[in-house]
file data36.tsv (TSV, C-alpha atoms)
chain	number	residue	atom	x	y	z
A	32	MET	CA	21.86	7.11	5.63
A	33	PRO	CA	22.14	5.31	2.28
A	34	ALA	CA	19.11	3.09	2.90
A	35	MET	CA	16.94	6.09	3.76
A	36	GLU	CA	18.16	8.03	0.72
A	37	GLY	CA	17.33	5.05	-1.47
A	38	ARG	CA	13.82	4.81	-0.05
A	39	GLN	CA	13.34	8.58	-0.53
A	40	CYS	CA	14.42	8.31	-4.16
A	41	GLU	CA	11.96	5.44	-4.69
A	42	GLU	CA	9.18	7.46	-3.08
A	43	ASP	CA	9.89	10.50	-5.28
A	44	GLN	CA	9.88	8.39	-8.45
A	45	GLN	CA	6.70	6.62	-7.41
A	46	GLU	CA	5.01	9.88	-6.48
A	47	GLU	CA	5.85	11.30	-9.92
A	48	THR	CA	4.34	8.25	-11.64
A	49	LEU	CA	1.25	8.40	-9.44
A	50	GLN	CA	0.79	12.10	-10.16
A	51	ILE	CA	0.91	11.48	-13.91
A	52	GLN	CA	-1.68	8.72	-13.63
A	53	HIS	CA	-3.79	10.87	-11.33
A	54	GLN	CA	-3.69	13.76	-13.82
A	55	ASN	CA	-4.75	11.43	-16.62
A	56	LEU	CA	-7.65	10.21	-14.50
A	57	GLN	CA	-8.66	13.77	-13.72
A	58	ARG	CA	-8.73	14.64	-17.42
A	59	GLN	CA	-10.92	11.62	-18.09
A	60	GLN	CA	-13.29	12.63	-15.32
A	61	GLU	CA	-13.48	16.20	-16.63
A	62	GLU	CA	-14.73	14.86	-19.94
A	63	LYS	CA	-17.66	13.16	-18.21
A	64	PRO	CA	-20.74	15.21	-17.21
A	65	ILE	CA	-21.38	15.57	-13.50
A	66	SER	CA	-24.79	14.06	-12.86
A	67	ASN	CA	-25.09	15.47	-9.34
A	68	PRO	CA	-22.98	18.60	-8.58
A	69	VAL	CA	-23.97	18.61	-4.90
A	70	GLU	CA	-22.92	14.99	-4.44
A	71	ALA	CA	-19.65	15.66	-6.24
A	72	GLU	CA	-18.86	18.59	-3.94
A	73	GLU	CA	-19.64	16.49	-0.85
A	74	ASP	CA	-17.31	13.75	-2.09
A	75	LYS	CA	-14.58	16.34	-2.60
A	76	GLU	CA	-14.94	17.69	0.93
A	77	SER	CA	-14.94	14.18	2.38
A	78	PHE	CA	-11.81	13.31	0.41
A	79	HIS	CA	-9.85	16.27	1.77
A	80	LYS	CA	-10.95	15.50	5.32
A	81	LYS	CA	-9.65	11.97	4.98
A	82	GLU	CA	-6.41	13.05	3.33
A	83	GLU	CA	-5.49	15.51	6.05
A	84	CYS	CA	-6.26	12.93	8.74
A	85	LEU	CA	-7.29	15.67	11.16
A	86	GLY	CA	-9.44	15.39	14.24
A	87	ARG	CA	-7.80	12.29	15.67
A	88	ASP	CA	-6.44	12.42	19.17
A	89	LEU	CA	-2.74	11.58	19.32
A	90	HIS	CA	-3.29	10.33	22.87
A	91	GLU	CA	-4.73	7.28	21.19
A	92	VAL	CA	-1.28	6.68	19.72
A	93	GLU	CA	0.14	6.59	23.24
A	94	GLU	CA	-2.36	3.85	24.06
A	95	ILE	CA	-1.30	1.89	20.97
A	96	LEU	CA	2.37	2.27	21.84
A	97	GLY	CA	1.84	1.67	25.54
A	98	TYR	CA	4.03	4.69	26.27
A	99	ASN	CA	3.20	8.13	27.67
A	100	PHE	CA	5.29	10.98	26.31
A	101	GLU	CA	6.80	13.62	28.56
A	102	ASN	CA	7.21	15.85	25.51
A	103	LYS	CA	3.95	15.68	23.52
A	104	ASN	CA	5.48	17.75	20.73
A	105	LEU	CA	7.69	14.80	19.81
A	106	LEU	CA	4.60	12.64	19.33
A	107	GLU	CA	2.93	15.28	17.14
A	108	GLN	CA	6.08	15.68	15.08
A	109	ALA	CA	6.43	11.92	14.62
A	110	PHE	CA	3.13	11.84	12.70
A	111	THR	CA	3.55	14.98	10.60
A	112	HIS	CA	4.55	14.47	6.97
A	113	SER	CA	6.57	17.14	5.18
A	114	SER	CA	3.60	17.76	2.85
A	115	PHE	CA	1.45	18.92	5.77
A	116	SER	CA	1.32	22.69	6.16
A	117	GLY	CA	1.35	23.62	9.81
A	118	ASP	CA	3.41	24.90	12.72
A	119	CYS	CA	4.87	21.50	13.56
A	120	ASN	CA	8.08	20.25	11.97
A	121	SER	CA	7.93	17.09	9.88
A	122	TYR	CA	9.01	13.68	11.13
A	123	GLU	CA	12.13	13.47	8.95
A	124	ARG	CA	14.69	14.09	11.72
A	125	LEU	CA	12.97	11.65	14.08
A	126	GLU	CA	12.82	9.09	11.27
A	127	TYR	CA	16.59	9.47	10.87
A	128	VAL	CA	17.08	8.74	14.56
A	129	GLY	CA	14.60	5.87	14.60
A	130	ASP	CA	16.22	4.18	11.61
A	131	ALA	CA	19.59	4.07	13.38
A	132	VAL	CA	18.09	2.98	16.72
A	133	LEU	CA	16.03	0.19	15.14
A	134	ASN	CA	19.01	-1.25	13.28
A	135	LEU	CA	21.07	-1.26	16.48
A	136	LEU	CA	18.26	-2.88	18.47
A	137	PHE	CA	17.93	-5.77	16.02
A	138	THR	CA	21.72	-6.10	15.78
A	139	LYS	CA	21.91	-6.53	19.55
A	140	GLU	CA	18.86	-8.82	19.73
A	141	HIS	CA	20.07	-11.17	17.00
A	142	TYR	CA	23.67	-11.22	18.23
A	143	PHE	CA	22.68	-12.72	21.57
A	144	LEU	CA	19.68	-14.72	20.34
A	145	TYR	CA	21.62	-16.55	17.60
A	146	PRO	CA	25.20	-16.98	18.88
A	147	ASP	CA	26.17	-19.41	16.10
A	148	LEU	CA	24.79	-17.39	13.18
A	149	PRO	CA	27.54	-15.78	11.01
A	150	PRO	CA	27.48	-12.10	9.91
A	151	GLY	CA	25.96	-12.75	6.47
A	152	PRO	CA	22.76	-14.43	7.69
A	153	LEU	CA	22.58	-11.97	10.60
A	154	THR	CA	22.64	-9.08	8.14
A	155	ARG	CA	19.88	-10.60	6.00
A	156	LEU	CA	17.80	-11.33	9.07
A	157	ARG	CA	18.10	-7.76	10.32
A	158	ALA	CA	17.29	-6.37	6.87
A	159	ALA	CA	14.13	-8.48	6.66
A	160	ASN	CA	12.88	-7.08	9.97
A	161	VAL	CA	13.57	-3.40	9.27
A	162	ASP	CA	12.74	-3.02	5.58
A	163	THR	CA	9.94	-0.81	4.27
A	164	GLU	CA	7.36	-3.57	3.87
A	165	LYS	CA	7.90	-5.05	7.34
A	166	LEU	CA	7.56	-1.68	9.06
A	167	ALA	CA	4.61	-0.66	6.89
A	168	ARG	CA	2.86	-3.86	7.94
A	169	ALA	CA	3.28	-2.88	11.59
A	170	ALA	CA	1.76	0.54	10.88
A	171	ILE	CA	-1.30	-1.04	9.26
A	172	LYS	CA	-1.66	-3.79	11.88
A	173	HIS	CA	-1.82	-1.30	14.75
A	174	GLY	CA	-3.67	1.45	12.86
A	175	LEU	CA	-0.87	4.01	13.12
A	176	HIS	CA	-1.51	5.20	9.57
A	177	ARG	CA	-4.82	6.71	10.72
A	178	TYR	CA	-2.95	9.39	12.64
A	179	LEU	CA	-0.55	10.51	9.91
A	180	ARG	CA	-1.05	14.17	9.05
A	181	HIS	CA	-0.32	14.76	5.37
A	182	LYS	CA	-1.52	16.27	2.12
A	183	LYS	CA	-0.53	13.52	-0.29
A	184	PRO	CA	-3.60	13.06	-2.51
A	185	LEU	CA	-2.78	9.51	-3.57
A	186	LEU	CA	-1.52	8.04	-0.30
A	187	LEU	CA	-4.89	6.61	0.70
A	188	GLU	CA	-5.08	4.69	-2.57
A	189	GLN	CA	-1.59	3.32	-1.98
A	190	ILE	CA	-2.49	2.26	1.57
A	191	GLN	CA	-5.65	0.51	0.39
A	192	GLU	CA	-3.72	-1.38	-2.30
A	193	PHE	CA	-1.03	-2.35	0.21
A	194	THR	CA	-3.62	-3.56	2.73
A	195	VAL	CA	-5.11	-5.87	0.11
A	196	GLY	CA	-1.65	-7.04	-0.93
A	197	ILE	CA	-0.44	-8.06	2.52
A	198	SER	CA	-3.53	-10.23	3.03
A	199	GLN	CA	-2.04	-12.57	0.42
A	200	TYR	CA	1.33	-12.77	2.20
A	201	PRO	CA	0.94	-13.23	5.99
A	202	LEU	CA	4.56	-12.50	6.91
A	203	HIS	CA	6.37	-10.85	3.98
A	204	SER	CA	6.00	-10.74	0.19
A	205	ASN	CA	9.75	-10.55	-0.46
A	206	GLY	CA	9.43	-7.74	-2.96
A	207	LEU	CA	6.13	-8.61	-4.66
A	208	ILE	CA	3.94	-5.82	-3.27
A	209	ASP	CA	4.48	-2.09	-3.08
A	210	ALA	CA	4.74	-0.73	0.47
A	211	PRO	CA	4.11	3.02	0.91
A	212	LYS	CA	7.27	4.51	2.36
A	213	ALA	CA	5.29	6.92	4.56
A	214	LEU	CA	3.95	3.98	6.58
A	215	ALA	CA	7.45	2.74	7.40
A	216	ASP	CA	8.51	6.32	8.10
A	217	ILE	CA	6.01	6.83	10.92
A	218	VAL	CA	7.14	3.63	12.62
A	219	GLU	CA	10.75	4.81	12.51
A	220	SER	CA	9.82	8.34	13.56
A	221	SER	CA	7.83	6.92	16.49
A	222	ILE	CA	10.88	4.93	17.54
A	223	GLY	CA	12.98	8.08	17.27
A	224	ALA	CA	10.45	10.06	19.30
A	225	VAL	CA	10.35	7.50	22.11
A	226	PHE	CA	14.16	7.27	22.08
A	227	ILE	CA	14.53	11.04	22.53
A	228	ASP	CA	11.70	11.29	25.04
A	229	CYS	CA	13.04	8.51	27.32
A	230	ASN	CA	16.55	9.96	27.48
A	231	SER	CA	18.01	7.51	24.94
A	232	SER	CA	17.09	4.34	26.80
A	233	MET	CA	17.49	1.48	24.31
A	234	ASP	CA	15.81	-0.93	26.73
A	235	THR	CA	12.73	1.28	26.94
A	236	VAL	CA	12.49	1.57	23.16
A	237	TRP	CA	12.81	-2.19	22.69
A	238	THR	CA	10.18	-2.87	25.35
A	239	VAL	CA	7.75	-0.55	23.54
A	240	PHE	CA	8.36	-1.67	19.97
A	241	LYS	CA	9.19	-5.36	20.17
A	242	ARG	CA	5.51	-6.13	20.64
A	243	LEU	CA	4.47	-3.79	17.84
A	244	LEU	CA	6.90	-5.36	15.37
A	245	GLU	CA	5.71	-8.92	15.93
A	246	PRO	CA	5.73	-11.36	14.28
A	247	ILE	CA	9.48	-10.92	14.13
A	248	ILE	CA	11.12	-12.80	11.26
A	249	ASN	CA	13.56	-15.49	12.41
A	250	PRO	CA	15.95	-17.88	10.60
A	251	LYS	CA	13.14	-20.41	10.11
A	252	THR	CA	10.56	-17.97	8.75
A	253	ILE	CA	12.73	-15.68	6.63
A	254	GLY	CA	11.74	-15.86	2.99
A	255	ARG	CA	13.84	-15.86	-0.14
A	256	HIS	CA	13.77	-13.11	-2.73
A	257	PRO	CA	12.36	-14.47	-6.00
A	258	VAL	CA	15.15	-12.99	-8.14
A	259	THR	CA	17.84	-14.57	-5.94
A	260	GLU	CA	16.02	-17.89	-5.89
A	261	LEU	CA	15.62	-17.88	-9.67
A	262	TYR	CA	19.30	-17.20	-10.33
A	263	GLU	CA	20.41	-19.86	-7.83
A	264	LEU	CA	18.09	-22.47	-9.30
A	265	CYS	CA	19.22	-21.81	-12.86
A	266	GLN	CA	22.88	-21.73	-11.88
A	267	LYS	CA	22.60	-25.20	-10.32
A	268	ARG	CA	20.96	-26.53	-13.47
A	269	ASN	CA	23.31	-24.68	-15.86
A	270	MET	CA	20.48	-22.61	-17.28
A	271	LYS	CA	20.85	-19.10	-18.69
A	272	VAL	CA	18.62	-16.40	-17.20
A	273	LYS	CA	17.74	-13.18	-19.00
A	274	PHE	CA	15.35	-10.41	-17.93
A	275	VAL	CA	13.79	-8.43	-20.78
A	276	ASP	CA	12.99	-4.88	-19.67
A	277	LEU	CA	9.66	-3.77	-21.19
A	278	TRP	CA	8.74	-1.43	-18.37
A	279	LYS	CA	8.92	1.81	-20.35
A	280	GLU	CA	6.72	0.35	-23.08
A	281	VAL	CA	4.17	-1.78	-21.21
A	282	MET	CA	5.30	-1.58	-17.56
A	283	ALA	CA	6.40	-5.21	-17.54
A	284	PHE	CA	9.37	-7.58	-17.47
A	285	GLU	CA	9.75	-10.92	-19.20
A	286	VAL	CA	12.05	-13.74	-18.11
A	287	LEU	CA	13.83	-15.96	-20.62
A	288	ILE	CA	15.35	-19.25	-19.50
A	289	ASP	CA	17.69	-20.65	-22.15
A	290	ASP	CA	16.04	-18.22	-24.61
A	291	ARG	CA	12.58	-19.58	-23.82
A	292	GLN	CA	9.99	-17.29	-22.26
A	293	MET	CA	9.32	-18.59	-18.78
A	294	GLY	CA	7.72	-15.70	-16.89
A	295	ARG	CA	6.23	-12.23	-17.00
A	296	GLY	CA	5.47	-9.60	-14.37
A	297	GLU	CA	3.64	-6.28	-14.53
A	298	TYR	CA	3.37	-3.29	-12.21
A	299	GLY	CA	2.94	0.30	-13.27
A	300	LEU	CA	4.09	2.29	-10.26
A	301	LYS	CA	7.49	0.80	-9.51
A	302	LYS	CA	9.86	-0.94	-11.90
A	303	GLU	CA	11.40	-3.13	-9.19
A	304	ILE	CA	8.04	-4.72	-8.34
A	305	ALA	CA	7.43	-5.70	-11.97
A	306	HIS	CA	10.94	-7.20	-12.08
A	307	ASN	CA	10.33	-9.25	-8.92
A	308	ARG	CA	6.93	-10.45	-10.07
A	309	ALA	CA	8.42	-11.64	-13.35
A	310	ALA	CA	10.97	-13.71	-11.41
A	311	LYS	CA	8.22	-15.14	-9.20
A	312	ASN	CA	6.12	-16.06	-12.23
A	313	ALA	CA	9.12	-17.77	-13.84
A	314	LEU	CA	9.72	-19.78	-10.67
A	315	GLU	CA	6.08	-20.90	-10.57
A	316	ASN	CA	6.29	-22.05	-14.18
A	317	MET	CA	9.52	-23.90	-13.48
A	318	VAL	CA	7.84	-25.73	-10.60
A	319	ARG	CA	5.36	-27.20	-13.05
A	320	ILE	CA	8.16	-28.20	-15.42
A	321	LEU	CA	10.68	-29.54	-12.91
A	322	GLY	CA	8.23	-31.01	-10.40
A	323	ASP	CA	10.05	-33.07	-7.75
A	324	ASN	CA	13.44	-31.89	-9.02
A	325	TYR	CA	12.54	-28.36	-7.98
A	326	LYS	CA	11.51	-29.59	-4.52
A	327	ASP	CA	14.89	-31.34	-4.21
A	328	HIS	CA	16.57	-28.00	-4.93
A	329	ILE	CA	14.63	-26.32	-2.10
A	330	VAL	CA	15.50	-29.10	0.36
A	331	GLU	CA	19.20	-28.90	-0.53
A	332	ASP	CA	19.29	-25.14	0.11
A	333	ARG	CA	17.73	-25.56	3.54
call {"tool": "encode", "arguments": {"input": "data36.tsv", "output": "structure tokens"}}
result
Amino acid sequence: MPAMEGRQCEEDQQEETLQIQHQNLQRQQEEKPISNPVEAEEDKESFHKKEECLGRDLHEVEEILGYNFENKNLLEQAFTHSSFSGDCNSYERLEYVGDAVLNLLFTKEHYFLYPDLPPGPLTRLRAANVDTEKLARAAIKHGLHRYLRHKKPLLLEQIQEFTVGISQYPLHSNGLIDAPKALADIVESSIGAVFIDCNSSMDTVWTVFKRLLEPIINPKTIGRHPVTELYELCQKRNMKVKFVDLWKEVMAFEVLIDDRQMGRGEYGLKKEIAHNRAAKNALENMVRILGDNYKDHIVEDR
């Protein structure tokens, strides 16, 4: 599906950037003397144990899901990344199924729950509930990431950074933090696994996962993307917006409003995040300048 291909492309680009930074860090560490070789070797062994995520009982996942699998192989497959060398297939096919099932479940739920909501807002509402960050949050909240079998050396660092990031945004950051795709993948693959295991019962899948996906974003709690908000605000005030792409040079974006620098955002691992943070920073600066006029703009939109 196009959305999945896009996420895969983002993951590949991010992984390449992370690998380069990781290699640079390794070279720096090699230049430093090892004060305690035994301690260094113990740290290395501990690192690999954590990365492979072995030794955890997947029956615990059944307890988290509140669902007992008839086919345990589906459960094992749902938590096996393609980087993991073993007899079990990776979760990619189950993720494909889960992505389609999840979109249909939210389409059905929102159609009947909001009978007066037109297709445009329905589409945005569904997208907010099934995007990478929202699903990755569910994985962290319920500890599903602890059972992912993989050999991605930098994934733990990404997960730790994401965990810190979501503490600043209780519901959704709207593009300001970087969500590891693998976390969203295992939620979708779990959905796909349950769907196959229960003979394609949509009701069963929704019963299992509705609780896990809470809090579900609704028309009152859905946020606005900072780039969209910035363009709409400037359009209403006849202001010219320009993003200056400095990402290749310093991994940053600058925002010019009527040729005046109004914001800046930085993020080294993904260009889109730096772009979004620049828009958010510009909005915050405009709040200070416009004051009550900015608040009037928000009220009008709602």
call {"tool": "axis_aligned_box", "arguments": {"input": "data36.tsv", "around": "stretch 143-155 of chain A", "padding_each_side": "8 Å", "output": "AutoDock Vina command-line options"}}
result
--center_x 23.6 --center_y -14.2 --center_z 13.8 --size_x 23.9 --size_y 26.3 --size_z 31.6
call {"tool": "closest_atom_pairs", "arguments": {"input": "data36.tsv", "of": "stretch 252-318 of chain A", "to": "stretch 232-248 of chain A", "cutoff": "12 Å", "atoms": "only C-alpha atoms", "output": "tab-separated table"}}
result
residue	atom	partner	partner_atom	distance
A:Thr252	CA	A:Ile248	CA	5.8
A:Ile253	CA	A:Ile248	CA	5.7
A:Gly254	CA	A:Ile248	CA	8.8
call {"tool": "closest_residue", "arguments": {"input": "data36.tsv", "among": "A:Met282, A:Gly97, A:Lys172, A:Ala158", "to": "A:Pro201", "atoms": "all atoms listed in the file"}}
result
A:Lys172
call {"tool": "closest_residue", "arguments": {"input": "data36.tsv", "among": "A:Thr138, A:Tyr200, A:Val318, A:Leu96", "to": "A:Leu264", "atoms": "only C-alpha atoms"}}
result
A:Val318
call {"tool": "residues_around", "arguments": {"input": "data36.tsv", "residues": "stretch 126-130 of chain A", "least_positions_apart": "6", "cutoff": "9 Å", "atoms": "only C-alpha atoms", "output": "list in words"}}
result
Met32, Met35, Ala109, Val161, Asp216, Ile217, Val218, Glu219, Ser220, Ser221, Ile222, Gly223, Ala224, Val225, Phe226 and Ile227 of chain A
call {"tool": "closest_residue", "arguments": {"input": "data36.tsv", "among": "A:Ala215, A:Leu261, A:Leu148, A:Leu156", "to": "A:Glu123", "atoms": "all atoms listed in the file"}}
result
A:Ala215
call {"tool": "atom_distance", "arguments": {"input": "data36.tsv", "atom1": "atom CA of A:Phe137", "atom2": "atom CA of A:Asn307"}}
result
26.3 Å
call {"tool": "closest_residue", "arguments": {"input": "data36.tsv", "among": "A:Asp276, A:Gly322, A:Lys271, A:Asp209", "to": "A:Tyr298", "atoms": "only C-alpha atoms"}}
result
A:Asp209
call {"tool": "residues_near_point", "arguments": {"input": "data36.tsv", "point": "(6.5, 3.3, 6.6)", "cutoff": "9 Å", "atoms": "only C-alpha atoms", "output": "JSON, numbers by chain"}}
result
{"A": [162, 163, 164, 165, 166, 167, 168, 169, 170, 176, 210, 211, 212, 213, 214, 215, 216, 217, 218, 219]}
call {"tool": "residues_around", "arguments": {"input": "data36.tsv", "residues": "A:Ile208", "least_positions_apart": "5", "cutoff": "10 Å", "atoms": "all atoms listed in the file", "output": "list in words"}}
result
Glu164, Glu192, Phe193, Thr194, Val195, Gly196, Ile197, Gln199, Tyr200, His203, Tyr298, Lys301, Glu303, Ile304, Ala305, Asn307 and Arg308 of chain A
call {"tool": "write_last_selection", "arguments": {"input": "data36.tsv", "atoms": "C-alpha atoms", "output": "tab-separated table (two decimals), in the coordinates of the input"}}
result
chain	number	residue	atom	x	y	z
A	164	GLU	CA	7.36	-3.57	3.87
A	192	GLU	CA	-3.72	-1.38	-2.30
A	193	PHE	CA	-1.03	-2.35	0.21
A	194	THR	CA	-3.62	-3.56	2.73
A	195	VAL	CA	-5.11	-5.87	0.11
A	196	GLY	CA	-1.65	-7.04	-0.93
A	197	ILE	CA	-0.44	-8.06	2.52
A	199	GLN	CA	-2.04	-12.57	0.42
A	200	TYR	CA	1.33	-12.77	2.20
A	203	HIS	CA	6.37	-10.85	3.98
A	298	TYR	CA	3.37	-3.29	-12.21
A	301	LYS	CA	7.49	0.80	-9.51
A	303	GLU	CA	11.40	-3.13	-9.19
A	304	ILE	CA	8.04	-4.72	-8.34
A	305	ALA	CA	7.43	-5.70	-11.97
A	307	ASN	CA	10.33	-9.25	-8.92
A	308	ARG	CA	6.93	-10.45	-10.07
call {"tool": "closest_residue", "arguments": {"input": "data36.tsv", "among": "A:Val258, A:Asn316, A:Ser121, A:Arg157", "to": "A:Leu133", "atoms": "only C-alpha atoms"}}
result
A:Arg157
call {"tool": "decode", "arguments": {"input": "data36.tsv", "residues": "stretch 189-201 of chain A", "atoms": "N, CA, C and O atoms", "output": "JSON list (two decimals), in the first residue's frame"}}
result
[["chain", "number", "residue", "atom", "x", "y", "z"],
["A", 189, "GLN", "N", 16.49, 4.78, 19.48],
["A", 189, "GLN", "CA", 15.32, 5.45, 18.91],
["A", 189, "GLN", "C", 14.12, 5.34, 19.84],
["A", 189, "GLN", "O", 13.36, 6.31, 20.01],
["A", 190, "ILE", "N", 13.92, 4.16, 20.40],
["A", 190, "ILE", "CA", 12.78, 3.93, 21.31],
["A", 190, "ILE", "C", 12.91, 4.81, 22.55],
["A", 190, "ILE", "O", 11.93, 5.40, 23.01],
["A", 191, "GLN", "N", 14.12, 4.90, 23.10],
["A", 191, "GLN", "CA", 14.33, 5.72, 24.28],
["A", 191, "GLN", "C", 14.04, 7.19, 23.99],
["A", 191, "GLN", "O", 13.40, 7.89, 24.78],
["A", 192, "GLU", "N", 14.50, 7.66, 22.84],
["A", 192, "GLU", "CA", 14.26, 9.06, 22.46],
["A", 192, "GLU", "C", 12.76, 9.31, 22.26],
["A", 192, "GLU", "O", 12.23, 10.35, 22.68],
["A", 193, "PHE", "N", 12.09, 8.35, 21.63],
["A", 193, "PHE", "CA", 10.65, 8.48, 21.40],
["A", 193, "PHE", "C", 9.88, 8.49, 22.71],
["A", 193, "PHE", "O", 8.94, 9.28, 22.89],
["A", 194, "THR", "N", 10.27, 7.65, 23.65],
["A", 194, "THR", "CA", 9.60, 7.57, 24.94],
["A", 194, "THR", "C", 9.69, 8.90, 25.68],
["A", 194, "THR", "O", 8.72, 9.35, 26.30],
["A", 195, "VAL", "N", 10.85, 9.54, 25.61],
["A", 195, "VAL", "CA", 11.02, 10.85, 26.22],
["A", 195, "VAL", "C", 10.15, 11.88, 25.50],
["A", 195, "VAL", "O", 9.50, 12.73, 26.11],
["A", 196, "GLY", "N", 10.12, 11.79, 24.17],
["A", 196, "GLY", "CA", 9.38, 12.75, 23.36],
["A", 196, "GLY", "C", 7.88, 12.73, 23.63],
["A", 196, "GLY", "O", 7.25, 13.79, 23.75],
["A", 197, "ILE", "N", 7.30, 11.54, 23.74],
["A", 197, "ILE", "CA", 5.85, 11.47, 23.91],
["A", 197, "ILE", "C", 5.40, 11.95, 25.28],
["A", 197, "ILE", "O", 4.23, 12.29, 25.47],
["A", 198, "SER", "N", 6.33, 12.00, 26.24],
["A", 198, "SER", "CA", 5.97, 12.52, 27.57],
["A", 198, "SER", "C", 5.63, 14.00, 27.50],
["A", 198, "SER", "O", 4.94, 14.53, 28.38],
["A", 199, "GLN", "N", 6.11, 14.68, 26.47],
["A", 199, "GLN", "CA", 5.84, 16.11, 26.31],
["A", 199, "GLN", "C", 4.52, 16.36, 25.58],
["A", 199, "GLN", "O", 4.00, 17.48, 25.62],
["A", 200, "TYR", "N", 4.02, 15.34, 24.89],
["A", 200, "TYR", "CA", 2.78, 15.46, 24.12],
["A", 200, "TYR", "C", 1.87, 14.30, 24.49],
["A", 200, "TYR", "O", 2.01, 13.20, 23.94],
["A", 201, "PRO", "N", 0.93, 14.49, 25.41],
["A", 201, "PRO", "CA", 0.12, 13.39, 25.93],
["A", 201, "PRO", "C", -0.67, 12.61, 24.88],
["A", 201, "PRO", "O", -0.84, 11.40, 25.02]]
